[in-house]
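Here is structure31.pdb, consisting of PDB, C-alpha atoms:
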```pdb
MODEL        1
ATOM      1  CA  MET A   1     122.838  87.098 128.443
ATOM      2  CA  LEU A   2     125.761  89.510 128.350
ATOM      3  CA  LEU A   3     125.812  89.429 124.532
ATOM      4  CA  ALA A   4     122.081  90.083 124.441
ATOM      5  CA  ALA A   5     122.531  93.005 126.830
ATOM      6  CA  GLY A   6     125.281  94.429 124.608
ATOM      7  CA  ASP A   7     127.992  94.050 127.295
ATOM      8  CA  LEU A   8     130.678  92.779 124.894
ATOM      9  CA  ASP A   9     133.622  93.288 127.273
ATOM     10  CA  GLY A  10     131.793  91.365 130.006
ATOM     11  CA  ALA A  11     130.921  88.607 127.519
ATOM     12  CA  ALA A  12     134.559  88.400 126.354
ATOM     13  CA  ARG A  13     135.720  87.961 129.985
ATOM     14  CA  ALA A  14     133.006  85.391 130.773
ATOM     15  CA  LEU A  15     133.339  83.316 127.597
ATOM     16  CA  GLY A  16     137.139  83.280 127.422
ATOM     17  CA  PRO A  17     139.052  82.253 124.291
ATOM     18  CA  GLU A  18     136.286  79.873 123.118
ATOM     19  CA  GLY A  19     133.787  82.698 122.820
ATOM     20  CA  ALA A  20     136.236  85.195 121.342
ATOM     21  CA  SER A  21     135.050  84.674 117.764
ATOM     22  CA  ARG A  22     131.430  85.154 118.829
ATOM     23  CA  VAL A  23     132.275  88.364 120.699
ATOM     24  CA  GLY A  24     134.335  89.530 117.697
ATOM     25  CA  LEU A  25     131.322  88.951 115.438
ATOM     26  CA  GLU A  26     129.102  90.921 117.829
ATOM     27  CA  ARG A  27     131.648  93.781 117.869
ATOM     28  CA  TRP A  28     131.672  93.824 114.050
ATOM     29  CA  ARG A  29     127.869  93.893 113.970
ATOM     30  CA  ALA A  30     127.841  96.786 116.464
ATOM     31  CA  ARG A  31     130.267  98.736 114.224
ATOM     32  CA  VAL A  32     128.066  98.118 111.166
ATOM     33  CA  GLY A  33     125.110  99.287 113.287
ATOM     34  CA  ILE A  34     126.889 102.596 113.977
ATOM     35  CA  ALA A  35     127.621 102.945 110.240
ATOM     36  CA  ALA A  36     123.911 102.325 109.552
ATOM     37  CA  TRP A  37     122.962 105.166 111.925
ATOM     38  CA  VAL A  38     125.497 107.434 110.178
ATOM     39  CA  VAL A  39     123.860 106.580 106.818
ATOM     40  CA  LEU A  40     120.424 107.495 108.233
ATOM     41  CA  VAL A  41     121.582 110.851 109.641
ATOM     42  CA  ALA A  42     123.491 111.646 106.418
ATOM     43  CA  GLY A  43     120.410 110.736 104.355
ATOM     44  CA  ALA A  44     118.144 113.012 106.406
ATOM     45  CA  LEU A  45     120.654 115.891 106.139
ATOM     46  CA  ALA A  46     121.022 115.303 102.380
ATOM     47  CA  ALA A  47     117.222 115.565 101.993
ATOM     48  CA  VAL A  48     117.217 118.910 103.861
ATOM     49  CA  VAL A  49     120.090 120.200 101.692
ATOM     50  CA  ALA A  50     118.450 118.944  98.453
ATOM     51  CA  ALA A  51     115.143 120.600  99.397
ATOM     52  CA  ARG A  52     117.015 123.766 100.544
ATOM     53  CA  GLY A  53     115.365 123.851 103.940
ATOM     54  CA  LEU A  54     112.806 122.036 106.055
ATOM     55  CA  ARG A  55     109.688 123.755 104.736
ATOM     56  CA  PRO A  56     109.482 121.839 101.388
ATOM     57  CA  LEU A  57     109.823 118.577 103.322
ATOM     58  CA  LEU A  58     106.759 119.211 105.486
ATOM     59  CA  ARG A  59     104.280 118.133 102.796
ATOM     60  CA  PRO A  60     104.263 114.366 102.158
ATOM     61  CA  PRO A  61     104.655 113.342  98.475
ATOM     62  CA  VAL A  62     102.061 111.240  96.650
ATOM     63  CA  GLU A  63     104.123 108.011  96.815
ATOM     64  CA  PHE A  64     103.972 108.233 100.615
ATOM     65  CA  PHE A  65     100.192 107.791 100.399
ATOM     66  CA  TYR A  66     100.646 104.774  98.105
ATOM     67  CA  LEU A  67     102.996 103.118 100.578
ATOM     68  CA  LEU A  68     100.992 103.988 103.709
ATOM     69  CA  PRO A  69      98.204 101.340 103.379
ATOM     70  CA  VAL A  70     100.691  98.649 102.317
ATOM     71  CA  ALA A  71     102.921  99.503 105.292
ATOM     72  CA  ALA A  72      99.879  99.409 107.591
ATOM     73  CA  LEU A  73      98.984  95.973 106.197
ATOM     74  CA  PHE A  74     102.468  94.594 106.890
ATOM     75  CA  ALA A  75     102.572  96.193 110.362
ATOM     76  CA  GLY A  76      99.102  94.800 111.147
ATOM     77  CA  ALA A  77     100.051  91.298 110.008
ATOM     78  CA  ALA A  78     103.291  91.524 112.011
ATOM     79  CA  LEU A  79     101.286  92.245 115.186
ATOM     80  CA  THR A  80     100.014  88.649 115.068
ATOM     81  CA  GLU A  81     103.603  87.328 115.219
ATOM     82  CA  ASN A  82     106.220  87.089 117.945
ATOM     83  CA  SER A  83     106.898  90.556 119.418
ATOM     84  CA  ALA A  84     110.533  90.690 118.196
ATOM     85  CA  LEU A  85     109.426  89.952 114.624
ATOM     86  CA  GLY A  86     106.548  92.381 114.929
ATOM     87  CA  HIS A  87     108.830  95.189 116.100
ATOM     88  CA  ALA A  88     111.344  94.456 113.324
ATOM     89  CA  VAL A  89     108.669  94.699 110.612
ATOM     90  CA  GLU A  90     107.220  97.885 112.169
ATOM     91  CA  ILE A  91     110.677  99.535 112.208
ATOM     92  CA  ILE A  92     111.334  98.507 108.580
ATOM     93  CA  VAL A  93     108.041  99.913 107.257
ATOM     94  CA  ALA A  94     108.435 103.096 109.357
ATOM     95  CA  GLY A  95     111.907 103.560 107.848
ATOM     96  CA  GLY A  96     110.520 102.926 104.365
ATOM     97  CA  LEU A  97     107.808 105.531 104.915
ATOM     98  CA  ALA A  98     110.361 108.089 106.168
ATOM     99  CA  ALA A  99     112.732 107.438 103.227
ATOM    100  CA  THR A 100     109.840 107.681 100.753
ATOM    101  CA  TRP A 101     108.617 110.950 102.310
ATOM    102  CA  LEU A 102     112.036 112.641 102.399
ATOM    103  CA  SER A 103     113.171 111.478  98.948
ATOM    104  CA  GLY A 104     109.851 112.314  97.260
ATOM    105  CA  ALA A 105     109.465 115.705  98.951
ATOM    106  CA  ALA A 106     113.068 116.681  98.118
ATOM    107  CA  LEU A 107     112.564 115.657  94.455
ATOM    108  CA  GLU A 108     109.282 117.584  94.329
ATOM    109  CA  ALA A 109     111.091 120.672  95.665
ATOM    110  CA  ALA A 110     113.782 120.228  92.992
ATOM    111  CA  ARG A 111     111.104 119.918  90.288
ATOM    112  CA  ALA A 112     109.475 123.153  91.472
ATOM    113  CA  ARG A 113     112.846 124.926  91.070
ATOM    114  CA  GLY A 114     113.542 123.544  87.561
ATOM    115  CA  ARG A 115     114.454 120.366  85.697
ATOM    116  CA  VAL A 116     114.978 117.080  87.521
ATOM    117  CA  THR A 117     118.152 115.538  86.103
ATOM    118  CA  LEU A 118     118.880 111.816  85.832
ATOM    119  CA  ARG A 119     121.917 112.314  88.076
ATOM    120  CA  ARG A 120     119.738 113.745  90.851
ATOM    121  CA  VAL A 121     117.198 110.916  90.470
ATOM    122  CA  LEU A 122     119.943 108.280  90.649
ATOM    123  CA  ALA A 123     121.388 109.969  93.751
ATOM    124  CA  HIS A 124     117.932 109.879  95.384
ATOM    125  CA  ILE A 125     117.497 106.209  94.472
ATOM    126  CA  ALA A 126     120.925 105.308  95.871
ATOM    127  CA  LEU A 127     120.473 107.260  99.099
ATOM    128  CA  ALA A 128     116.901 106.089  99.735
ATOM    129  CA  GLY A 129     117.976 102.486  99.051
ATOM    130  CA  LEU A 130     120.925 102.769 101.426
ATOM    131  CA  ALA A 131     118.703 104.356 104.104
ATOM    132  CA  VAL A 132     116.139 101.533 103.879
ATOM    133  CA  LEU A 133     118.899  98.885 104.005
ATOM    134  CA  ALA A 134     120.335 100.672 107.058
ATOM    135  CA  VAL A 135     116.909 100.620 108.753
ATOM    136  CA  CYS A 136     116.530  96.900 107.939
ATOM    137  CA  TYR A 137     119.932  96.181 109.494
ATOM    138  CA  ILE A 138     119.182  98.248 112.607
ATOM    139  CA  SER A 139     115.809  96.559 113.085
ATOM    140  CA  ILE A 140     117.051  92.968 112.786
ATOM    141  CA  THR A 141     120.100  93.576 114.998
ATOM    142  CA  ARG A 142     117.991  95.466 117.568
ATOM    143  CA  GLU A 143     115.564  92.534 117.750
ATOM    144  CA  ARG A 144     118.479  90.030 117.642
ATOM    145  CA  LEU A 145     117.145  88.259 114.542
ATOM    146  CA  VAL A 146     120.401  88.222 112.540
ATOM    147  CA  ASP A 147     121.383  84.633 113.371
ATOM    148  CA  GLN A 148     117.875  83.325 112.640
ATOM    149  CA  LEU A 149     117.803  85.254 109.365
ATOM    150  CA  VAL A 150     121.201  83.876 108.307
ATOM    151  CA  GLU A 151     119.996  80.339 109.119
ATOM    152  CA  THR A 152     116.809  80.935 107.105
ATOM    153  CA  ILE A 153     118.765  82.171 104.077
ATOM    154  CA  ARG A 154     121.201  79.262 104.368
ATOM    155  CA  TYR A 155     118.766  76.396 105.008
ATOM    156  CA  GLY A 156     115.394  77.794 103.929
ATOM    157  CA  ALA A 157     112.313  78.752 105.905
ATOM    158  CA  ASP A 158     110.422  76.310 108.167
TER     159      ASP A 158
ATOM    160  CA  MET B 159      99.587  66.380 127.329
ATOM    161  CA  LYS B 160      98.064  69.838 127.156
ATOM    162  CA  ILE B 161      98.979  72.528 124.608
ATOM    163  CA  LEU B 162      99.257  75.787 126.549
ATOM    164  CA  ALA B 163     100.260  78.168 123.751
ATOM    165  CA  VAL B 164     100.972  78.281 120.037
ATOM    166  CA  LYS B 165     103.571  80.712 118.685
ATOM    167  CA  TRP B 166     103.400  81.260 114.941
ATOM    168  CA  GLY B 167     106.652  81.576 113.030
ATOM    169  CA  LEU B 168     108.866  80.017 115.693
ATOM    170  CA  ASN B 169     109.904  76.370 115.691
ATOM    171  CA  PRO B 170     111.708  75.323 118.903
ATOM    172  CA  ASN B 171     113.507  72.551 116.976
ATOM    173  CA  SER B 172     114.933  74.903 114.364
ATOM    174  CA  SER B 173     116.728  78.231 114.298
ATOM    175  CA  SER B 174     115.238  79.134 110.900
ATOM    176  CA  LEU B 175     112.320  81.533 110.658
ATOM    177  CA  GLY B 176     108.858  80.428 109.539
ATOM    178  CA  VAL B 177     107.621  80.998 105.979
ATOM    179  CA  ASP B 178     105.066  83.608 107.081
ATOM    180  CA  VAL B 179     107.655  85.514 109.105
ATOM    181  CA  THR B 180     110.188  85.388 106.278
ATOM    182  CA  PHE B 181     107.562  86.723 103.898
ATOM    183  CA  LEU B 182     106.713  89.547 106.316
ATOM    184  CA  LEU B 183     110.331  90.588 106.898
ATOM    185  CA  PHE B 184     111.464  90.364 103.266
ATOM    186  CA  GLY B 185     108.160  91.702 101.936
ATOM    187  CA  ALA B 186     108.271  94.754 104.202
ATOM    188  CA  ALA B 187     111.917  95.371 103.252
ATOM    189  CA  PHE B 188     111.214  94.919  99.522
ATOM    190  CA  VAL B 189     108.203  97.260  99.480
ATOM    191  CA  SER B 190     110.057  99.857 101.579
ATOM    192  CA  LEU B 191     113.039  99.666  99.232
ATOM    193  CA  LEU B 192     111.074  99.746  95.996
ATOM    194  CA  THR B 193     108.616 102.589  96.668
ATOM    195  CA  PRO B 194     111.071 105.531  96.897
ATOM    196  CA  MET B 195     112.995 104.150  93.899
ATOM    197  CA  VAL B 196     109.951 103.773  91.658
ATOM    198  CA  GLY B 197     108.646 107.150  92.886
ATOM    199  CA  ALA B 198     111.897 108.854  91.889
ATOM    200  CA  LEU B 199     111.919 107.193  88.440
ATOM    201  CA  ILE B 200     108.289 108.181  87.762
ATOM    202  CA  ARG B 201     109.030 111.789  88.750
ATOM    203  CA  TRP B 202     112.001 111.821  86.379
ATOM    204  CA  ARG B 203     109.960 110.413  83.460
ATOM    205  CA  ARG B 204     107.163 112.913  84.100
ATOM    206  CA  ALA B 205     109.653 115.810  84.163
ATOM    207  CA  ARG B 206     111.156 114.865  80.746
TER     208      ARG B 206
ENDMDL
END
```

Once you've parsed the file, please lay out its structure as structure tokens.
Amino acid sequence: MLLAAGDLDGAARALGPEGASRVGLERWRARVGIAAWVVLVAGALAAVVAARGLRPLLRPPVEFFYLLPVAALFAGAALTENSALGHAVEIIVAGGLAATWLSGAALEAARARGRVTLRRVLAHIALAGLAVLAVCYISITRERLVDQLVETIRYGAD
Amino acid sequence: MKILAVKWGLNPNSSSLGVDVTFLLFGAAFVSLLTPMVGALIRWRRAR
């Protein structure tokens, strides 16, 4: 209960030495969660800097419209599942849409100013990938699905 | 015995996720990851 509520100090007191490793794991996950939020904020700021302002980012790029129906399909299918799983999938696709919008719009702004270099494209790919991974991590930790996911990877799906 | 509710994707005897749920989670993550990457590569190829 205390772990689920995020009260790690309370959980450490209640569980004693036996639960110390579990509380330590939860602390580590919380730290990674903070790092994931830092990645998201840094990614959004990088998009604003790459586009040289907010105005070029207002118009969604074409790839956003390709992803939108697929994201809606996944979100719709997730609504039929358990609410925690549904929320996790909705957060992941929302993050994917945001990363696609910002990366595509920033690249489009760069193309309007001149040549798009391979270095810039690789930087966009790396940052968008990191941002989506960060969103995935935040969503599964927020919905407390990490342990189930680890079990599924280790032993296979039911 | 009376079945009161059925919850897809959750097995009370296992802590693993169901196949459909795994597909949804990994599928959503994969599509979200791939789209901005492919979009960036296509823009680069078009600009060359």

(request) Mind checking which residues fall within 9 Å of A:Glu90, counting all atoms listed in the file, ignoring those fewer than 4 positions away in the same chain, and posting them as number ranges by chain? (result) A: 71-72, 74-76, 78-79, 85-86, 94-95, 139; B: 186

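Atom to atom, atom CA of A:Gly33 and atom CA of A:Gly129 stand 16.2 Å apart.
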
(request) For each of A:Ala77, A:Val23, A:Tyr155, A:Arg119, take the minimum atom-to-atom distance to A:Gly10, counting all atoms listed in the file, then give the residue where this is smallest. (result)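 Among the listed residues, A:Val23 lies closest to A:Gly10.
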
(request) For the structure shown, which residues end up in the PyMOL selection byres ((chain B and resi 195) around 12)? Put them as a PyMOL selection string, please? (result) (chain A and resi 63-64+96+99-101+103-104+107+121-132) or (chain B and resi 188-194+196-202)

Report the centre and edge lengths, in Å to one decimal, of an axis-aligned box enclosing every atom of stretch 176-194 of chain B listed in the file, padded by 5 Å on each side, as lines of an AutoDock Vina configuration file.
```
center_x = 109.1
center_y = 93.0
center_z = 102.8
size_x = 18.0
size_y = 35.1
size_z = 23.5
```

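Picture a line from atom CA of A:Asp147 to atom CA of A:Trp37; it runs 20.6 Å.
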
(message) I'd like the interatomic distance between atom CA of A:Gly114 and atom CA of A:Leu54, to a tenth of an Å.
(response) 18.6 Å
